[in-house]
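*Asks:* Sharing a structure below in structure tokens format, with a few things to ask.
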Amino acid sequence: MEISDATIQAGLTNQKLHLRLTGPTPMPDMALLALRSIVLGVVLLGASCSRPPPVVGIDNPDIPARSVVNAIHHKVFVATTREDSEVVGALFSELRAAELGLAAVTVSVPPQHKVGALERPQSIPPNPRKEFAVIEPTIFESKGGFVAALNHELRQRRAGDRDILFFVHGYNTTTSEAILRVGQFVEDSGFKGVPVLFTWASAGKFSRYVYDLNSALVARPQLLEATQIISQSIASEYHIFAHSMGGFSDDGGHS
């Protein structure tokens, strides 16, 4: 009797765990009990993790990020399939928007940042001397305004560094988290060009895998639109980084 002959289907509904065993081979009681323990442990681990707060647009009134000596600032442009959010620090929500949204922010990297670490604020406002901060959010009302701002940022680089990094995040990611990760990636990798984040409508929840998968798939036309917009810039080269489930959004149809 081989356990591999059986198909295990697991799902989460209202934080309840459901297991169904199908296939020609019954599973031994002990193996089934062990499987349930493993899956339940993963579920509880995901449920117990407390998320740090979103930080987009929240500066520290006592220690403004721009005032911190030796802090490094990266301009990050954003193209999104998300709806706007009224939640402080979120910028965009998990809801799917009918049209592509365009924005930009500035990521502040603390002076003592260590490569490979994300010194993420656990409370707000951030302490930009020790933690990342995301400031100066701008929403663009037109594609032309977005491209003009992108070109302005590219012109701040020398000719050989006028590249664009097109970053697509993965599963279980909020807008705030995606922006922070892009800022960290640019800083740690030493990328000299301009990053553009494509953030699709992830629910940002461990239990919303199917929602995220569908969001990534239906984002394909808007991802193509985003690549067409940035292709109107003066960038010399384009580098695409699609992480995890974000790869489902990129069907390779862009040029």
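Labels used: A, B, ... for chains in the order of the structure tokens, numbers from 1 for residues in each chain, and numbers from 1 for ligands as shown.
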Please report as a Markdown table every residue of stretch 41-117 of chain A lying within 9 Å of stretch 180-197 of chain A, along with the nearest atom pair and their distance in Å (one decimal), using only C-alpha atoms.

*Replies:*
```
| residue | atom | partner | partner_atom | distance |
| --- | --- | --- | --- | --- |
| A:Ile72 | CA | A:Glu187 | CA | 8.5 |
| A:His73 | CA | A:Gly183 | CA | 8.6 |
| A:His74 | CA | A:Gly183 | CA | 6.5 |
| A:Lys75 | CA | A:Val194 | CA | 7.2 |
| A:Val76 | CA | A:Pro195 | CA | 5.4 |
| A:Phe77 | CA | A:Val196 | CA | 4.6 |
| A:Val78 | CA | A:Leu197 | CA | 4.7 |
| A:Ala79 | CA | A:Leu197 | CA | 6.2 |
| A:Thr80 | CA | A:Leu197 | CA | 8.0 |
| A:Ala104 | CA | A:Val196 | CA | 8.7 |
| A:Thr106 | CA | A:Gly183 | CA | 8.6 |
| A:Val107 | CA | A:Gly183 | CA | 5.8 |
| A:Ser108 | CA | A:Gly183 | CA | 8.0 |
| A:Val109 | CA | A:Gly183 | CA | 7.7 |
| A:Lys114 | CA | A:Asp188 | CA | 8.5 |
| A:Val115 | CA | A:Asp188 | CA | 5.5 |
| A:Gly116 | CA | A:Asp188 | CA | 6.9 |
| A:Ala117 | CA | A:Gln184 | CA | 8.0 |
```

*Asks:* Residues at most 8 Å from A:His239, counting only C-alpha atoms, excluding those fewer than 3 positions away in the same chain, as a PyMOL selection string?

*Replies:* chain A and resi 163-166

*Asks:* Quote the spacing between atom CA of A:Leu217 and atom CA of A:Thr173 in Å to one decimal place.

*Replies:*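 So the answer is 15.4 Å.
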
*Asks:* Quick one: residues within 12 Å of A:Ala103, only C-alpha atoms counted, chain neighbours fewer than 3 positions away excluded, as an mmCIF file with N, CA, C and O atoms, in the first residue's frame?

*Replies:*
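Wrote it out as result-v5.cif, contents follow:
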```
data_model
loop_
_atom_site.group_PDB
_atom_site.id
_atom_site.type_symbol
_atom_site.label_atom_id
_atom_site.label_comp_id
_atom_site.auth_asym_id
_atom_site.auth_seq_id
_atom_site.Cartn_x
_atom_site.Cartn_y
_atom_site.Cartn_z
ATOM 1 N N VAL A 56 2.519 53.032 3.953
ATOM 2 C CA VAL A 56 2.636 53.939 2.804
ATOM 3 C C VAL A 56 2.112 55.329 3.162
ATOM 4 O O VAL A 56 0.974 55.492 3.606
ATOM 5 N N LYS A 75 13.064 56.041 -5.491
ATOM 6 C CA LYS A 75 11.763 56.310 -6.088
ATOM 7 C C LYS A 75 11.247 55.019 -6.702
ATOM 8 O O LYS A 75 11.946 54.368 -7.489
ATOM 9 N N VAL A 76 10.024 54.640 -6.334
ATOM 10 C CA VAL A 76 9.406 53.415 -6.864
ATOM 11 C C VAL A 76 8.104 53.796 -7.555
ATOM 12 O O VAL A 76 7.213 54.396 -6.936
ATOM 13 N N PHE A 77 7.991 53.453 -8.827
ATOM 14 C CA PHE A 77 6.753 53.689 -9.561
ATOM 15 C C PHE A 77 5.864 52.453 -9.437
ATOM 16 O O PHE A 77 6.356 51.328 -9.296
ATOM 17 N N VAL A 78 4.565 52.675 -9.479
ATOM 18 C CA VAL A 78 3.604 51.599 -9.208
ATOM 19 C C VAL A 78 2.531 51.553 -10.290
ATOM 20 O O VAL A 78 1.925 52.582 -10.619
ATOM 21 N N ALA A 79 2.296 50.366 -10.820
ATOM 22 C CA ALA A 79 1.150 50.097 -11.691
ATOM 23 C C ALA A 79 0.348 49.010 -10.997
ATOM 24 O O ALA A 79 0.906 48.002 -10.556
ATOM 25 N N THR A 80 -0.966 49.185 -10.887
ATOM 26 C CA THR A 80 -1.733 48.250 -10.055
ATOM 27 C C THR A 80 -3.105 47.918 -10.620
ATOM 28 O O THR A 80 -3.720 48.736 -11.315
ATOM 29 N N THR A 81 -3.555 46.720 -10.294
ATOM 30 C CA THR A 81 -4.918 46.294 -10.626
ATOM 31 C C THR A 81 -5.831 46.398 -9.408
ATOM 32 O O THR A 81 -6.937 45.888 -9.412
ATOM 33 N N ARG A 82 -5.356 47.056 -8.366
ATOM 34 C CA ARG A 82 -6.097 47.167 -7.113
ATOM 35 C C ARG A 82 -6.968 48.432 -7.091
ATOM 36 O O ARG A 82 -6.639 49.443 -7.712
ATOM 37 N N ASP A 84 -8.421 51.709 -4.973
ATOM 38 C CA ASP A 84 -7.885 52.595 -3.937
ATOM 39 C C ASP A 84 -8.357 52.123 -2.562
ATOM 40 O O ASP A 84 -9.379 51.446 -2.433
ATOM 41 N N LEU A 91 -2.725 52.558 0.804
ATOM 42 C CA LEU A 91 -2.705 53.137 -0.536
ATOM 43 C C LEU A 91 -3.676 52.430 -1.473
ATOM 44 O O LEU A 91 -4.573 53.053 -2.032
ATOM 45 N N PHE A 92 -3.500 51.116 -1.656
ATOM 46 C CA PHE A 92 -4.422 50.332 -2.477
ATOM 47 C C PHE A 92 -4.909 49.117 -1.688
ATOM 48 O O PHE A 92 -4.204 48.601 -0.826
ATOM 49 N N LEU A 100 -6.395 50.103 -14.811
ATOM 50 C CA LEU A 100 -5.054 50.135 -14.253
ATOM 51 C C LEU A 100 -4.822 51.439 -13.504
ATOM 52 O O LEU A 100 -5.130 52.520 -13.996
ATOM 53 N N THR A 106 8.252 57.036 -2.477
ATOM 54 C CA THR A 106 9.678 57.037 -2.178
ATOM 55 C C THR A 106 9.928 56.118 -0.988
ATOM 56 O O THR A 106 9.267 56.257 0.048
ATOM 57 N N GLU A 136 5.784 60.177 0.515
ATOM 58 C CA GLU A 136 5.516 60.938 -0.704
ATOM 59 C C GLU A 136 4.718 60.166 -1.759
ATOM 60 O O GLU A 136 5.099 60.140 -2.940
ATOM 61 N N PRO A 137 3.606 59.528 -1.385
ATOM 62 C CA PRO A 137 2.797 58.838 -2.396
ATOM 63 C C PRO A 137 2.152 59.827 -3.370
ATOM 64 O O PRO A 137 1.666 60.882 -2.966
ATOM 65 N N THR A 138 2.191 59.494 -4.634
ATOM 66 C CA THR A 138 1.603 60.319 -5.685
ATOM 67 C C THR A 138 0.732 59.438 -6.575
ATOM 68 O O THR A 138 1.172 58.370 -7.002
ATOM 69 N N ILE A 139 -0.481 59.882 -6.834
ATOM 70 C CA ILE A 139 -1.376 59.174 -7.746
ATOM 71 C C ILE A 139 -1.406 59.933 -9.071
ATOM 72 O O ILE A 139 -1.618 61.149 -9.092
ATOM 73 N N PHE A 140 -1.196 59.234 -10.167
ATOM 74 C CA PHE A 140 -1.213 59.857 -11.489
ATOM 75 C C PHE A 140 -2.594 59.690 -12.121
ATOM 76 O O PHE A 140 -3.142 58.587 -12.157
ATOM 77 N N GLU A 141 -3.102 60.782 -12.643
ATOM 78 C CA GLU A 141 -4.424 60.765 -13.272
ATOM 79 C C GLU A 141 -4.364 60.370 -14.740
ATOM 80 O O GLU A 141 -5.380 60.085 -15.351
ATOM 81 N N SER A 142 -3.159 60.374 -15.307
ATOM 82 C CA SER A 142 -3.028 60.043 -16.728
ATOM 83 C C SER A 142 -1.767 59.233 -16.975
ATOM 84 O O SER A 142 -0.791 59.310 -16.206
ATOM 85 N N LYS A 143 -1.764 58.496 -18.071
ATOM 86 C CA LYS A 143 -0.582 57.731 -18.454
ATOM 87 C C LYS A 143 0.561 58.671 -18.829
ATOM 88 O O LYS A 143 1.733 58.404 -18.537
ATOM 89 N N GLY A 145 1.227 61.625 -17.587
ATOM 90 C CA GLY A 145 1.858 62.140 -16.380
ATOM 91 C C GLY A 145 2.789 61.122 -15.754
ATOM 92 O O GLY A 145 3.868 61.469 -15.241
ATOM 93 N N PHE A 146 2.371 59.863 -15.785
ATOM 94 C CA PHE A 146 3.192 58.772 -15.245
ATOM 95 C C PHE A 146 4.486 58.647 -16.029
ATOM 96 O O PHE A 146 5.580 58.571 -15.451
ATOM 97 N N VAL A 147 4.390 58.634 -17.364
ATOM 98 C CA VAL A 147 5.572 58.481 -18.210
ATOM 99 C C VAL A 147 6.508 59.680 -18.061
ATOM 100 O O VAL A 147 7.737 59.523 -18.015
ATOM 101 N N ALA A 149 6.914 61.574 -15.397
ATOM 102 C CA ALA A 149 7.607 61.439 -14.111
ATOM 103 C C ALA A 149 8.659 60.337 -14.172
ATOM 104 O O ALA A 149 9.761 60.471 -13.606
ATOM 105 N N LEU A 150 8.340 59.253 -14.851
ATOM 106 C CA LEU A 150 9.286 58.149 -15.016
ATOM 107 C C LEU A 150 10.513 58.612 -15.802
ATOM 108 O O LEU A 150 11.666 58.315 -15.420
ATOM 109 N N THR A 175 -0.041 45.861 -0.768
ATOM 110 C CA THR A 175 0.671 46.914 -1.498
ATOM 111 C C THR A 175 1.867 47.417 -0.699
ATOM 112 O O THR A 175 2.974 47.563 -1.231
ATOM 113 N N ILE A 179 5.843 47.198 -1.884
ATOM 114 C CA ILE A 179 6.681 48.386 -2.035
ATOM 115 C C ILE A 179 7.952 48.260 -1.200
ATOM 116 O O ILE A 179 9.056 48.569 -1.664
ATOM 117 N N VAL A 196 9.837 49.725 -11.257
ATOM 118 C CA VAL A 196 8.400 49.864 -11.453
ATOM 119 C C VAL A 196 7.744 48.606 -10.886
ATOM 120 O O VAL A 196 7.999 47.497 -11.359
ATOM 121 N N LEU A 197 6.936 48.775 -9.874
ATOM 122 C CA LEU A 197 6.236 47.654 -9.240
ATOM 123 C C LEU A 197 4.888 47.436 -9.913
ATOM 124 O O LEU A 197 4.108 48.373 -10.064
ATOM 125 N N PHE A 198 4.623 46.200 -10.310
ATOM 126 C CA PHE A 198 3.275 45.828 -10.754
ATOM 127 C C PHE A 198 2.634 45.049 -9.615
ATOM 128 O O PHE A 198 3.037 43.926 -9.306
ATOM 129 N N THR A 199 1.657 45.676 -8.954
ATOM 130 C CA THR A 199 1.009 45.022 -7.822
ATOM 131 C C THR A 199 -0.421 44.650 -8.186
ATOM 132 O O THR A 199 -1.272 45.509 -8.393
ATOM 133 N N ALA A 226 0.540 47.789 -18.684
ATOM 134 C CA ALA A 226 1.600 48.453 -17.919
ATOM 135 C C ALA A 226 2.926 48.411 -18.669
ATOM 136 O O ALA A 226 3.667 49.408 -18.705
#
```

*Asks:* At a cut-off of 8 Å, using only C-alpha atoms, what residues contact A:Ser202? Leave out same-chain residues fewer than 6 positions from it and give the result as a ChimeraX atom specification.

*Replies:* /A:94,171-174,211-212,215-216

*Asks:* Nearest to A:Ile135: which of A:Ile63, A:Leu223, A:Ile58, A:Ala98 is it, counting only C-alpha atoms?

*Replies:*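 That would be A:Ile58, the residue with the smallest distance to A:Ile135.
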
*Asks:* Counting only C-alpha atoms, figure out which residue out of A:Leu213, A:Leu95, A:Leu118, A:Ala148 gets nearest to A:Gln232.

*Replies:*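 Checking each candidate against A:Gln232, we get A:Ala148 as the closest.
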
*Asks:* Could you jot down the atom CA of A:Pro64 to atom CA of A:His152 separation for me, Å, one decimal place?

*Replies:*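 So the answer is 24.3 Å.
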
*Asks:* Residues of stretch 58-247 of chain A in alpha helix (DSSP H) according to DSSP, as a ChimeraX atom specification?

*Replies:* /A:143-154,175-189,209-218,220-230

*Asks:* I need the residue nearest A:Glu225 from this list: A:Glu153, A:Glu99, A:Glu131, A:Asp62. Use only C-alpha atoms for the distance.

*Replies:*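 Looking only at the distances to A:Glu225, the closest residue turns out to be A:Glu99.
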
*Asks:* Taking into account only C-alpha atoms, which residue in the set A:Phe167, A:Asn214, A:Pro54, A:Arg220 is nearest to A:Ile240?

*Replies:*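 Using only C-alpha atoms, the shortest distance to A:Ile240 belongs to A:Phe167.
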
*Asks:* Just list the residues in stretch 29-210 of chain A DSSP gives strand (DSSP E or B) on the backbone, as an MDAnalysis selection string.

*Replies:* chainID A and resid 56 72:84 92:109 133:140 163:168 194:199

*Asks:* What's the separation between atom CA of A:Val218 and atom CA of A:Gly170, in Å to one decimal place?

*Replies:*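 Atom-to-atom, atom CA of A:Val218 and atom CA of A:Gly170 are spaced 14.4 Å apart.
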